[in-house]
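Remarks on the structure that follows.
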Amino acid sequence: MRFTLKDYQADAVGDTLRELTAARDFYRSASKRVSSVALTATTGGGKTVMAAAVIEALFWGSDDFSIAPDPGAVVLWFSDDPALNQQTRHRLEQASDRLRNRLVTVEHPFRYPKLQAGNVYFLNTSKLSKNSLLVKGHDSTDTLPGMDSYTDIVPFTFWDTLRNTIEDKDLTLYMVLDEAHRGMGKRPSDTPTIVRRLINGHRDVPPVPIVWGISATVRRFEAAMGEAEVQSNRVHLATVQVDPVRIQESGLLKDDIVLDFPAETGDFNTVLLRRGIRKVKALGDAWAKYAAEQGEEAIKPLMVLQVPNKPSPTEVASAIDAIRDEWPELEADAIAHVFGDHTAQTFGPHSVPYISPERVQDASYVRVLLAKDAISTGWDCPRAEVMVSFRPAKDETHITQLLGRMIRTPLARRVEGDDLLNSVECILPRFNKATASQVLERIMGNDLVGGTETGQRVLVDPKLMTPNEAVPDELWELFQALPAETLPRKHANPIKRVTSLAHALAADRLLEDAGKIAHDRLHGVLNGLSAQYARDLEKAVKDVLTVAGGTVRGQARHGLRQDEYWTEDADDRAIQDAYRSGARTITPDIARTYVEHLADDAGDEDAYRDAYVRVAALAMLPQTRPALDAEADRIAHEWLSTYRVAIKGLSESRQSLYAEITAMSTDPQLISMALPKNRQEETKRVVGDAEQLLERRPLHLLADDEGMFPVGKLNPDEIEVLDSEMGRDRALAWYRNPTGGRDSMSIAYQDRHGDWRTLRPDFLFFVDSEDGVQASIVDPHGHWLPDAAWKLHGLARFAEAYGDQFHRVEAISRIDGTLRVLDLKLPKVRETVLAESDARFAYDRAAVDY
């Protein structure tokens, strides 16, 4: 893979592989049952990247996911849109260099009687329509006058190819339904659609063995499979659903969606278009400043101008005039379009060239893009950060769909603490408050975030908050030293983690030969195991060097049966097979370098043969992998502690890499917080036709020009807690904890199902105590909420581990009209909290009045 999977992506890939492996075994069993598996993730979650990782593992195996290769695996990627297939193929090539030469678009003439193992074939609905040359002659009714039963020089149809592939016992066909909710309904004539024919089989073509649906939502996939009447003849094994909260926390998606619209009636197209240009220019300056600070290449943000399906040439010409006037330094070729007619378009004196959607992201010279609505499908452009839509107010669906294609972050990660660079802006000249609120509802609904609280915000006309000058430097230093925790990973691999860390340390010249040092220590573990378990290892070596079998003898006359067992010496091929299996257990890199370590002195073939046998035997010992993992964790912990300060001096992109490496663990890992640079906050609310300023409070770490921070979105309990805390003697400042990023206090906790989640307490308060400046965690959270008890458990565990670094660690809830507080720095309170699975009982037993 060219890309490092995010933690949620790795979990989803591992779960999907497990289900696909079960589906393959299910089909190859005596029952020959066909099945389906689904992978669902919201827009921007990286479904194609996850699919690339799954397909790589099917073809070549994966040590990370403990998957052996399927030598007969062949993938048929099916969608209802040829353009979508081409874009998917392009993304798979970007994600995986190993798949680059394995991607085949099915075209006529298709000369293969069977699909070939190890390839991905792209097919769309039109290729299987009755008039397609790929399938002519499959049904007698399909033959046109004057045409033979099979067309041209190919003596079979694609349906024949499909049948031959499915019937081949050495092949396993995995059919991917891309955006599986498409193309599966019944037609008015009730004739099965092509997709239903593929899934269910028809005539002499058997059903596809394994259907792998990739869709944006569970509901869409399940409804589509139900409409296609699939459930009656196909077993659905599982749906792997990616938690949208984890997608948002990963930093792949922009945190804030900003909506601008006119507050009065009138024609404001040009006024708001100029505002959009100023916004994209300001973002360009911000990215240039960030790039200069980090020593990276600057992102060149793009503005999308969305026009109606039949735009007025005069109106578009006027818009281009306004763009050129507001942005005179714009290059001549900086404006392009992605309209359906793929030719240059003329608008008054302006000629605008066409650019294909998949090229826009890399064509950084394009700074303004004209689009209609077709671009909303299958297209992503992370550097598109401002959209101005000339579409009328009734088109909120089209606007929302296009905006959904613009929510990826340009760097595939969050710019820590910088809301401006983590946002996308939508300017709606033809909208009013009512219709803009409909867009807001769509954005916060299933189209983008799956109907779940993810932390992604929609903001209307926000203001930028910057570091408060009233906050002393000592407090900012403390902020960066506060402990926080990573979210554990389900499929974490300690050896991969320490290998990644070694590469990073060596690349940053913090530890030369880090890889060799790590491998030497792991080789020492293998040497120690060889000595400690010498007798078990000797038996394992014998098992590697022999092949056992059995013979059954029977006498029909007397009805006697005799079982006999035999052994044969293993040849080099059998030893290599045992070595490959063992290498998957201890990872190929460690296996390879350990073989070199063992055979280094002699260097002849016998020495290498003995080394291969030793590795295969060691991998058979149950103690080997746990011992290697434990040592890898020790090495990573030592290095992360030793080079903690040096890592903080690196660029933000490198710090983000080390943060990801730190998080590659099945347990919460300690990390430090990043400084917040700015935050976008709404300062007013709309009440009827009037605007009302939100309440404000002083001494927030980030503030407006007057040193104030809006608190109008806090609930009454949060306001009461805020005012009480800041009214205490020696109170210095406060911080409303954001819902994502490393500038947020994050604490890991396990939910009722045992899955790890992230708790982000509402407030940090800072006081000038007798021991200097100290921070307090104060979290008002309703005890009646379903996650309350489990969040209390996480907060109690965190307080036990790191409580000495805080002034106070407290949870608050209103009980019978009174605010009650749990002081989690007290051992007895923690003990009570951890013993309860109901938050109300914990408050009743251990809380005091706030």
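Ordering of the structure tokens sets the chain letters (A, B, ...), residue numbers begin anew at 1 in every chain, and ligands are numbered from 1 in the order given.
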- Task: Give me the residues within 8 Å of A:Asn493 as a PyMOL selection string, counting only C-alpha atoms and dropping any in the same chain fewer than 2 places off.
- Result: chain A and resi 64+491+495-497+629+664-665
Write to file, as a CSV table (one decimal), in the first residue's frame, the residues of the selection just made, with all heavy atoms.
chain,number,residue,atom,x,y,z
A,64,ASP,N,0.1,-8.2,8.5
A,64,ASP,CA,-0.6,-7.4,9.5
A,64,ASP,C,-1.9,-7.9,9.9
A,64,ASP,O,-2.3,-7.8,11.1
A,64,ASP,CB,-0.8,-6.0,8.9
A,64,ASP,CG,0.5,-5.3,8.6
A,64,ASP,OD1,1.5,-5.6,9.3
A,64,ASP,OD2,0.5,-4.3,7.8
A,491,HIS,N,-6.5,-4.0,15.7
A,491,HIS,CA,-5.5,-4.9,14.9
A,491,HIS,C,-4.1,-4.4,15.0
A,491,HIS,O,-3.3,-4.4,14.1
A,491,HIS,CB,-5.9,-5.0,13.5
A,491,HIS,CG,-7.3,-5.6,13.2
A,491,HIS,ND1,-7.5,-6.9,13.3
A,491,HIS,CD2,-8.5,-5.0,13.0
A,491,HIS,CE1,-8.8,-7.2,13.1
A,491,HIS,NE2,-9.4,-6.1,12.9
A,495,ILE,N,5.2,-5.3,16.4
A,495,ILE,CA,6.5,-5.3,15.5
A,495,ILE,C,6.4,-4.3,14.4
A,495,ILE,O,7.4,-3.6,14.1
A,495,ILE,CB,6.7,-6.8,15.0
A,495,ILE,CG1,6.9,-7.7,16.2
A,495,ILE,CG2,7.9,-6.8,14.1
A,495,ILE,CD1,7.0,-9.2,15.7
A,496,LYS,N,5.2,-4.2,13.8
A,496,LYS,CA,5.1,-3.2,12.7
A,496,LYS,C,5.3,-1.8,13.3
A,496,LYS,O,5.8,-0.9,12.7
A,496,LYS,CB,3.7,-3.3,12.1
A,496,LYS,CG,3.5,-2.3,11.0
A,496,LYS,CD,2.1,-2.4,10.3
A,496,LYS,CE,1.9,-1.4,9.3
A,496,LYS,NZ,0.6,-1.4,8.7
A,497,ARG,N,4.7,-1.6,14.5
A,497,ARG,CA,4.8,-0.3,15.2
A,497,ARG,C,6.3,0.1,15.4
A,497,ARG,O,6.7,1.2,15.1
A,497,ARG,CB,4.1,-0.4,16.5
A,497,ARG,CG,4.1,0.9,17.3
A,497,ARG,CD,3.5,0.7,18.7
A,497,ARG,NE,3.4,1.9,19.5
A,497,ARG,CZ,3.4,1.9,20.8
A,497,ARG,NH1,3.7,0.8,21.5
A,497,ARG,NH2,3.3,3.0,21.4
A,629,ASP,N,6.3,-9.6,20.6
A,629,ASP,CA,5.4,-8.4,20.8
A,629,ASP,C,5.8,-7.6,22.0
A,629,ASP,O,5.8,-6.4,22.0
A,629,ASP,CB,4.0,-8.8,20.8
A,629,ASP,CG,3.4,-9.2,19.5
A,629,ASP,OD1,4.1,-9.0,18.5
A,629,ASP,OD2,2.4,-9.8,19.4
A,664,MET,N,-0.5,3.2,17.6
A,664,MET,CA,-0.5,1.8,17.1
A,664,MET,C,-0.4,0.8,18.2
A,664,MET,O,0.6,0.0,18.3
A,664,MET,CB,0.5,1.6,16.0
A,664,MET,CG,0.3,2.4,14.7
A,664,MET,SD,1.7,2.5,13.6
A,664,MET,CE,1.9,0.7,13.2
A,665,SER,N,-1.3,0.7,19.1
A,665,SER,CA,-1.3,-0.2,20.2
A,665,SER,C,-2.7,-0.6,20.6
A,665,SER,O,-3.7,0.1,20.4
A,665,SER,CB,-0.6,0.6,21.4
A,665,SER,OG,-0.7,-0.2,22.6
- Would you kindly return, as number ranges by chain, each protein, DNA or RNA residue with an atom no farther than 7 Å from any atom of stretch 19-36 of chain A, considering only C-alpha atoms and excluding same-chain residues fewer than 4 positions away? A: 15, 209-212, 234-238
- Task: Find the residues near stretch 354-370 of chain A: any atom within 7 Å, counting only C-alpha atoms, skip ones fewer than 5 places away on the same chain, and give them as a list in words.
- Result: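 Residues near the query, excluding close chain neighbours: Gln87, Lys300, Pro301, Leu302, Met303, Val304, Leu305, Gln306, Asp333, Ala334, Ile335, Ala336, His337, Val338, His342, Thr343, Ala344, Trp379, Cys381 and Arg383 of chain A.
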Writing out the chosen residues with N, CA, C and O atoms as a JSON list (two decimals), in the first residue's frame:
[["chain", "number", "residue", "atom", "x", "y", "z"],
["A", 87, "GLN", "N", -12.76, 6.31, -12.33],
["A", 87, "GLN", "CA", -12.25, 7.05, -11.19],
["A", 87, "GLN", "C", -11.79, 6.11, -10.09],
["A", 87, "GLN", "O", -10.77, 6.34, -9.44],
["A", 300, "LYS", "N", -2.57, 24.83, -2.66],
["A", 300, "LYS", "CA", -3.17, 25.92, -3.42],
["A", 300, "LYS", "C", -4.68, 25.69, -3.46],
["A", 300, "LYS", "O", -5.17, 24.92, -4.28],
["A", 301, "PRO", "N", -5.41, 26.37, -2.55],
["A", 301, "PRO", "CA", -6.85, 26.10, -2.44],
["A", 301, "PRO", "C", -7.61, 26.50, -3.70],
["A", 301, "PRO", "O", -7.20, 27.40, -4.44],
["A", 302, "LEU", "N", -8.72, 25.82, -3.90],
["A", 302, "LEU", "CA", -9.54, 25.97, -5.11],
["A", 302, "LEU", "C", -10.92, 26.47, -4.72],
["A", 302, "LEU", "O", -11.46, 26.07, -3.68],
["A", 303, "MET", "N", -11.51, 27.32, -5.53],
["A", 303, "MET", "CA", -12.91, 27.71, -5.36],
["A", 303, "MET", "C", -13.74, 27.05, -6.44],
["A", 303, "MET", "O", -13.40, 27.12, -7.63],
["A", 304, "VAL", "N", -14.83, 26.39, -6.04],
["A", 304, "VAL", "CA", -15.77, 25.79, -6.99],
["A", 304, "VAL", "C", -16.94, 26.75, -7.16],
["A", 304, "VAL", "O", -17.58, 27.14, -6.17],
["A", 305, "LEU", "N", -17.21, 27.14, -8.40],
["A", 305, "LEU", "CA", -18.38, 27.95, -8.71],
["A", 305, "LEU", "C", -19.42, 27.03, -9.34],
["A", 305, "LEU", "O", -19.25, 26.56, -10.47],
["A", 306, "GLN", "N", -20.48, 26.75, -8.59],
["A", 306, "GLN", "CA", -21.52, 25.83, -9.06],
["A", 306, "GLN", "C", -22.62, 26.62, -9.75],
["A", 306, "GLN", "O", -23.21, 27.53, -9.17],
["A", 333, "ASP", "N", -4.70, 30.48, -17.24],
["A", 333, "ASP", "CA", -5.27, 29.13, -17.32],
["A", 333, "ASP", "C", -5.80, 28.65, -15.96],
["A", 333, "ASP", "O", -6.01, 27.46, -15.75],
["A", 334, "ALA", "N", -6.06, 29.58, -15.06],
["A", 334, "ALA", "CA", -6.44, 29.21, -13.69],
["A", 334, "ALA", "C", -7.93, 28.92, -13.54],
["A", 334, "ALA", "O", -8.36, 28.49, -12.48],
["A", 335, "ILE", "N", -8.74, 29.17, -14.58],
["A", 335, "ILE", "CA", -10.17, 28.88, -14.53],
["A", 335, "ILE", "C", -10.45, 27.75, -15.51],
["A", 335, "ILE", "O", -10.02, 27.78, -16.67],
["A", 336, "ALA", "N", -11.17, 26.71, -15.06],
["A", 336, "ALA", "CA", -11.51, 25.56, -15.91],
["A", 336, "ALA", "C", -12.93, 25.11, -15.56],
["A", 336, "ALA", "O", -13.53, 25.57, -14.59],
["A", 337, "HIS", "N", -13.46, 24.18, -16.38],
["A", 337, "HIS", "CA", -14.81, 23.66, -16.10],
["A", 337, "HIS", "C", -14.82, 22.13, -16.18],
["A", 337, "HIS", "O", -13.93, 21.53, -16.79],
["A", 338, "VAL", "N", -15.86, 21.55, -15.58],
["A", 338, "VAL", "CA", -16.04, 20.09, -15.63],
["A", 338, "VAL", "C", -17.46, 19.77, -16.11],
["A", 338, "VAL", "O", -18.10, 18.84, -15.63],
["A", 342, "HIS", "N", -17.34, 17.88, -22.99],
["A", 342, "HIS", "CA", -15.91, 17.93, -22.65],
["A", 342, "HIS", "C", -15.11, 18.79, -23.62],
["A", 342, "HIS", "O", -14.06, 18.37, -24.13],
["A", 343, "THR", "N", -15.57, 19.98, -23.88],
["A", 343, "THR", "CA", -14.85, 20.88, -24.78],
["A", 343, "THR", "C", -14.78, 22.26, -24.13],
["A", 343, "THR", "O", -15.49, 22.56, -23.17],
["A", 344, "ALA", "N", -13.90, 23.09, -24.65],
["A", 344, "ALA", "CA", -13.78, 24.46, -24.15],
["A", 344, "ALA", "C", -15.12, 25.19, -24.33],
["A", 344, "ALA", "O", -15.80, 25.00, -25.34],
["A", 379, "TRP", "N", -16.22, 11.90, -7.04],
["A", 379, "TRP", "CA", -15.14, 12.87, -7.25],
["A", 379, "TRP", "C", -14.75, 13.46, -5.92],
["A", 379, "TRP", "O", -15.59, 13.77, -5.09],
["A", 381, "CYS", "N", -11.91, 16.38, -4.23],
["A", 381, "CYS", "CA", -10.84, 17.36, -4.44],
["A", 381, "CYS", "C", -10.58, 18.05, -3.11],
["A", 381, "CYS", "O", -11.20, 19.08, -2.81],
["A", 383, "ARG", "N", -8.38, 19.98, -2.01],
["A", 383, "ARG", "CA", -7.96, 21.38, -1.98],
["A", 383, "ARG", "C", -9.10, 22.32, -2.38],
["A", 383, "ARG", "O", -8.92, 23.55, -2.37]]
- Message: For the structure I just gave you, how does DSSP split stretch 484-659 of chain A - specifically, which residues are strand (DSSP E)? Reply as an MDAnalysis selection string.
- Response: chainID A and resid 484:485 546:555 560:569
Can you pull out the residues contacting stretch 845-847 of chain A? Cut-off 8 Å, using only C-alpha atoms, and skip same-chain residues under 2 positions away; I want them as a compact mmCIF listing (two decimals) with all heavy atoms, in the first residue's frame.
# COMPACT_ATOMS: atom_id res chain seq x y z
N ARG A 820 -24.23 17.81 41.38
CA ARG A 820 -23.43 16.94 42.26
C ARG A 820 -22.13 16.62 41.55
O ARG A 820 -22.06 16.52 40.31
CB ARG A 820 -24.19 15.66 42.57
CG ARG A 820 -25.57 15.87 43.18
CD ARG A 820 -25.47 15.99 44.68
NE ARG A 820 -25.22 14.68 45.29
CZ ARG A 820 -24.95 14.50 46.58
NH1 ARG A 820 -24.87 15.56 47.40
NH2 ARG A 820 -24.76 13.29 47.07
N VAL A 821 -21.07 16.42 42.32
CA VAL A 821 -19.75 16.25 41.74
C VAL A 821 -19.07 15.00 42.29
O VAL A 821 -19.18 14.68 43.49
CB VAL A 821 -18.87 17.49 42.00
CG1 VAL A 821 -18.72 17.78 43.49
CG2 VAL A 821 -17.50 17.35 41.35
N LEU A 822 -18.39 14.28 41.40
CA LEU A 822 -17.56 13.14 41.77
C LEU A 822 -16.10 13.57 41.68
O LEU A 822 -15.62 13.93 40.60
CB LEU A 822 -17.80 11.95 40.82
CG LEU A 822 -19.16 11.27 40.93
CD1 LEU A 822 -19.39 10.34 39.73
CD2 LEU A 822 -19.26 10.46 42.23
N ASP A 823 -15.39 13.55 42.79
CA ASP A 823 -13.97 13.91 42.83
C ASP A 823 -13.16 12.66 42.55
O ASP A 823 -12.91 11.84 43.43
CB ASP A 823 -13.63 14.48 44.21
CG ASP A 823 -12.18 14.96 44.28
OD1 ASP A 823 -11.42 14.70 43.32
OD2 ASP A 823 -11.81 15.59 45.29
N VAL A 829 -13.74 7.21 45.76
CA VAL A 829 -14.69 7.61 44.72
C VAL A 829 -14.44 6.81 43.45
O VAL A 829 -15.38 6.31 42.81
CB VAL A 829 -14.59 9.12 44.44
CG1 VAL A 829 -15.47 9.52 43.25
CG2 VAL A 829 -14.99 9.91 45.68
N THR A 832 -15.78 3.30 43.84
CA THR A 832 -17.24 3.25 43.72
C THR A 832 -17.67 3.37 42.26
O THR A 832 -18.53 2.62 41.79
CB THR A 832 -17.87 4.39 44.54
OG1 THR A 832 -17.49 4.24 45.91
CG2 THR A 832 -19.39 4.37 44.42
N VAL A 833 -17.07 4.31 41.54
CA VAL A 833 -17.42 4.53 40.13
C VAL A 833 -17.16 3.27 39.30
O VAL A 833 -18.00 2.84 38.49
CB VAL A 833 -16.64 5.73 39.57
CG1 VAL A 833 -16.70 5.76 38.04
CG2 VAL A 833 -17.17 7.03 40.14
N PHE A 841 -26.31 5.48 40.19
CA PHE A 841 -25.91 4.81 41.43
C PHE A 841 -24.55 5.33 41.91
O PHE A 841 -24.33 5.50 43.11
CB PHE A 841 -25.85 3.30 41.22
CG PHE A 841 -27.20 2.67 40.99
CD1 PHE A 841 -27.30 1.43 40.37
CD2 PHE A 841 -28.36 3.30 41.39
CE1 PHE A 841 -28.53 0.84 40.15
CE2 PHE A 841 -29.60 2.72 41.18
CZ PHE A 841 -29.69 1.49 40.56
N ALA A 842 -23.63 5.57 40.96
CA ALA A 842 -22.32 6.09 41.34
C ALA A 842 -22.44 7.46 41.99
O ALA A 842 -21.80 7.74 43.02
CB ALA A 842 -21.41 6.15 40.12
N TYR A 843 -23.28 8.34 41.42
CA TYR A 843 -23.48 9.67 42.02
C TYR A 843 -24.16 9.56 43.38
O TYR A 843 -23.80 10.28 44.33
CB TYR A 843 -24.31 10.55 41.07
CG TYR A 843 -23.49 11.24 40.01
CD1 TYR A 843 -23.38 10.71 38.72
CD2 TYR A 843 -22.80 12.41 40.28
CE1 TYR A 843 -22.63 11.33 37.74
CE2 TYR A 843 -22.04 13.05 39.30
CZ TYR A 843 -21.96 12.51 38.04
OH TYR A 843 -21.19 13.13 37.07
N ASP A 849 -22.34 17.71 46.95
CA ASP A 849 -22.87 18.90 46.28
C ASP A 849 -21.72 19.69 45.66
O ASP A 849 -20.65 19.85 46.25
CB ASP A 849 -23.62 19.79 47.27
CG ASP A 849 -24.97 19.19 47.64
OD1 ASP A 849 -25.39 18.23 46.98
OD2 ASP A 849 -25.59 19.69 48.60
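Of the listed residues (A:Ala291, A:Val460, A:Leu39, A:Ala83), A:Val460 comes nearest to A:Arg685; the distances count only C-alpha atoms.
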- Task: Excluding stretch 112-115 of chain A and residues on its chain fewer than 3 positions from it, collect all residues at most 6 Å away from it, counting only C-alpha atoms, and give them as a ChimeraX atom specification.
- Result: /A:161,164-165
Please provide the set of residues having any atom within 12 Å of A:Gln655, restricted to only C-alpha atoms, with same-chain residues fewer than 3 positions apart removed, written as a short mmCIF file (atom, residue, chain, number, x, y, z; two decimals) with N, CA, C and O atoms, in the first residue's frame.
data_model
loop_
_atom_site.label_atom_id
_atom_site.label_comp_id
_atom_site.auth_asym_id
_atom_site.auth_seq_id
_atom_site.Cartn_x
_atom_site.Cartn_y
_atom_site.Cartn_z
N GLN A 294 6.50 25.07 8.18
CA GLN A 294 6.74 23.62 8.26
C GLN A 294 7.77 23.12 7.25
O GLN A 294 8.15 21.95 7.29
N ARG A 413 -4.85 14.75 6.87
CA ARG A 413 -4.73 14.83 8.33
C ARG A 413 -5.17 16.21 8.76
O ARG A 413 -5.21 17.15 7.97
N ARG A 414 -5.50 16.34 10.03
CA ARG A 414 -5.90 17.61 10.59
C ARG A 414 -4.67 18.50 10.81
O ARG A 414 -3.62 18.01 11.21
N VAL A 415 -4.79 19.78 10.51
CA VAL A 415 -3.76 20.74 10.89
C VAL A 415 -4.07 21.11 12.33
O VAL A 415 -5.04 21.80 12.61
N GLU A 416 -3.26 20.62 13.25
CA GLU A 416 -3.61 20.67 14.66
C GLU A 416 -3.82 22.10 15.15
O GLU A 416 -2.96 22.98 14.96
N LEU A 501 8.45 3.09 13.76
CA LEU A 501 9.13 4.06 14.62
C LEU A 501 10.62 4.13 14.29
O LEU A 501 11.21 5.22 14.24
N ALA A 504 11.11 6.11 11.15
CA ALA A 504 10.90 7.54 11.38
C ALA A 504 12.10 8.17 12.10
O ALA A 504 12.57 9.25 11.72
N LEU A 505 12.58 7.50 13.15
CA LEU A 505 13.71 8.04 13.91
C LEU A 505 14.96 8.14 13.04
O LEU A 505 15.73 9.11 13.13
N ASP A 508 14.58 11.05 10.53
CA ASP A 508 14.75 12.35 11.17
C ASP A 508 16.11 12.51 11.84
O ASP A 508 16.34 13.49 12.55
N LEU A 640 10.10 6.30 22.40
CA LEU A 640 9.16 7.42 22.44
C LEU A 640 9.41 8.30 23.65
O LEU A 640 9.24 9.53 23.60
N TYR A 643 13.03 10.20 23.05
CA TYR A 643 13.08 11.23 22.02
C TYR A 643 11.82 12.12 22.03
O TYR A 643 11.55 12.82 21.05
N ARG A 644 11.10 12.13 23.15
CA ARG A 644 9.87 12.91 23.25
C ARG A 644 10.11 14.38 22.97
O ARG A 644 9.40 15.01 22.19
N VAL A 645 11.11 14.96 23.62
CA VAL A 645 11.38 16.38 23.45
C VAL A 645 11.88 16.67 22.03
O VAL A 645 11.48 17.67 21.41
N ALA A 646 12.74 15.82 21.50
CA ALA A 646 13.27 16.03 20.15
C ALA A 646 12.15 15.96 19.12
O ALA A 646 12.13 16.74 18.15
N ILE A 647 11.18 15.06 19.32
CA ILE A 647 10.06 14.94 18.39
C ILE A 647 9.23 16.22 18.39
O ILE A 647 8.74 16.66 17.34
N LYS A 648 9.09 16.84 19.56
CA LYS A 648 8.32 18.09 19.63
C LYS A 648 8.97 19.22 18.84
O LYS A 648 8.30 20.19 18.48
N GLY A 649 10.24 19.11 18.55
CA GLY A 649 10.93 20.13 17.78
C GLY A 649 10.83 19.93 16.28
O GLY A 649 11.33 20.75 15.51
N LEU A 650 10.18 18.84 15.83
CA LEU A 650 10.05 18.56 14.40
C LEU A 650 8.85 19.31 13.82
O LEU A 650 8.06 19.91 14.55
N SER A 651 8.71 19.25 12.51
CA SER A 651 7.57 19.88 11.85
C SER A 651 6.28 19.20 12.28
O SER A 651 6.29 18.07 12.77
N GLU A 652 5.16 19.88 12.05
CA GLU A 652 3.88 19.33 12.49
C GLU A 652 3.56 18.02 11.78
O GLU A 652 3.00 17.10 12.37
N TYR A 658 4.48 10.67 14.24
CA TYR A 658 4.84 10.02 15.50
C TYR A 658 3.60 9.79 16.37
O TYR A 658 3.53 8.79 17.11
N ALA A 659 2.63 10.70 16.29
CA ALA A 659 1.39 10.50 17.05
C ALA A 659 0.66 9.26 16.55
O ALA A 659 0.10 8.49 17.34
N GLU A 660 0.65 9.06 15.22
CA GLU A 660 0.01 7.86 14.66
C GLU A 660 0.76 6.60 15.08
O GLU A 660 0.15 5.58 15.41
N ILE A 661 2.08 6.65 15.07
CA ILE A 661 2.87 5.50 15.49
C ILE A 661 2.62 5.19 16.96
O ILE A 661 2.46 4.03 17.37
N THR A 662 2.56 6.23 17.78
CA THR A 662 2.27 6.04 19.20
C THR A 662 0.94 5.33 19.40
O THR A 662 0.80 4.46 20.27
N ILE A 671 0.07 10.68 25.20
CA ILE A 671 0.54 11.68 24.24
C ILE A 671 0.38 13.05 24.90
O ILE A 671 -0.32 13.21 25.89
N SER A 672 1.07 14.04 24.34
CA SER A 672 0.91 15.41 24.83
C SER A 672 0.03 16.18 23.86
O SER A 672 -0.10 15.82 22.68
N MET A 673 -0.56 17.26 24.34
CA MET A 673 -1.49 18.04 23.53
C MET A 673 -0.75 19.06 22.66
O MET A 673 0.32 19.53 23.02
N ALA A 674 -1.37 19.40 21.54
CA ALA A 674 -0.83 20.42 20.65
C ALA A 674 -1.47 21.76 20.97
O ALA A 674 -2.62 21.82 21.41
N ARG A 742 -5.48 17.03 18.18
CA ARG A 742 -4.54 16.89 19.28
C ARG A 742 -4.50 18.12 20.19
O ARG A 742 -3.81 18.12 21.20
#
- Hey, what's within 6 Å of A:Phe806 if we count only C-alpha atoms and toss same-chain stuff fewer than 3 positions away? As a ChimeraX atom specification, please? /A:775-776,803
- Identify which of the residues A:Thr42, A:Gly754, A:Thr239, A:Gly727 lies closest to A:Glu222, counting only C-alpha atoms when measuring atom-to-atom distances. A:Thr239
- Give me, please, the distance in Å between atom CA of A:Ala731 and atom CA of A:Glu474, quoted to one decimal.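 Taking atom CA of A:Ala731 as the start and atom CA of A:Glu474 as the end point, the length is 14.0 Å.
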- Identify, with DSSP run on backbone atoms, the residues in stretch 762-826 of chain A assigned to helix (DSSP H, G or I), and express the list as JSON, numbers by chain. {"A": [788, 789, 790, 791, 792, 793, 794, 795, 796, 797, 798, 799, 800, 801, 802, 803, 804, 805]}
Output N, CA and C atoms for every residue in that selection, as a compact mmCIF listing (two decimals), in the first residue's frame.
# COMPACT_ATOMS: atom_id res chain seq x y z
N ALA A 788 -22.89 7.48 29.99
CA ALA A 788 -22.40 8.17 31.18
C ALA A 788 -21.55 7.27 32.07
N ALA A 789 -22.02 6.07 32.38
CA ALA A 789 -21.28 5.19 33.30
C ALA A 789 -19.93 4.81 32.72
N TRP A 790 -19.90 4.53 31.43
CA TRP A 790 -18.66 4.06 30.80
C TRP A 790 -17.65 5.20 30.68
N LYS A 791 -18.14 6.42 30.46
CA LYS A 791 -17.23 7.57 30.45
C LYS A 791 -16.68 7.84 31.85
N LEU A 792 -17.51 7.63 32.88
CA LEU A 792 -17.02 7.77 34.25
C LEU A 792 -15.92 6.75 34.53
N HIS A 793 -16.08 5.52 34.02
CA HIS A 793 -15.04 4.51 34.19
C HIS A 793 -13.73 4.97 33.57
N GLY A 794 -13.82 5.51 32.35
CA GLY A 794 -12.61 5.97 31.67
C GLY A 794 -11.96 7.13 32.40
N LEU A 795 -12.77 8.06 32.89
CA LEU A 795 -12.23 9.20 33.61
C LEU A 795 -11.59 8.77 34.93
N ALA A 796 -12.20 7.78 35.59
CA ALA A 796 -11.63 7.27 36.84
C ALA A 796 -10.29 6.58 36.58
N ARG A 797 -10.22 5.79 35.52
CA ARG A 797 -8.95 5.12 35.19
C ARG A 797 -7.87 6.14 34.86
N PHE A 798 -8.25 7.17 34.09
CA PHE A 798 -7.30 8.23 33.73
C PHE A 798 -6.82 8.98 34.97
N ALA A 799 -7.75 9.27 35.91
CA ALA A 799 -7.38 9.98 37.13
C ALA A 799 -6.42 9.17 37.99
N GLU A 800 -6.62 7.86 37.99
CA GLU A 800 -5.71 7.01 38.76
C GLU A 800 -4.31 7.03 38.17
N ALA A 801 -4.23 7.06 36.82
CA ALA A 801 -2.93 7.02 36.14
C ALA A 801 -2.24 8.38 36.13
N TYR A 802 -2.98 9.45 35.94
CA TYR A 802 -2.37 10.76 35.70
C TYR A 802 -2.91 11.87 36.61
N GLY A 803 -3.70 11.50 37.62
CA GLY A 803 -4.33 12.51 38.47
C GLY A 803 -3.36 13.44 39.16
N ASP A 804 -2.13 12.95 39.47
CA ASP A 804 -1.17 13.81 40.17
C ASP A 804 -0.69 14.97 39.30
N GLN A 805 -1.00 14.95 38.00
CA GLN A 805 -0.60 16.04 37.12
C GLN A 805 -1.70 17.10 36.97
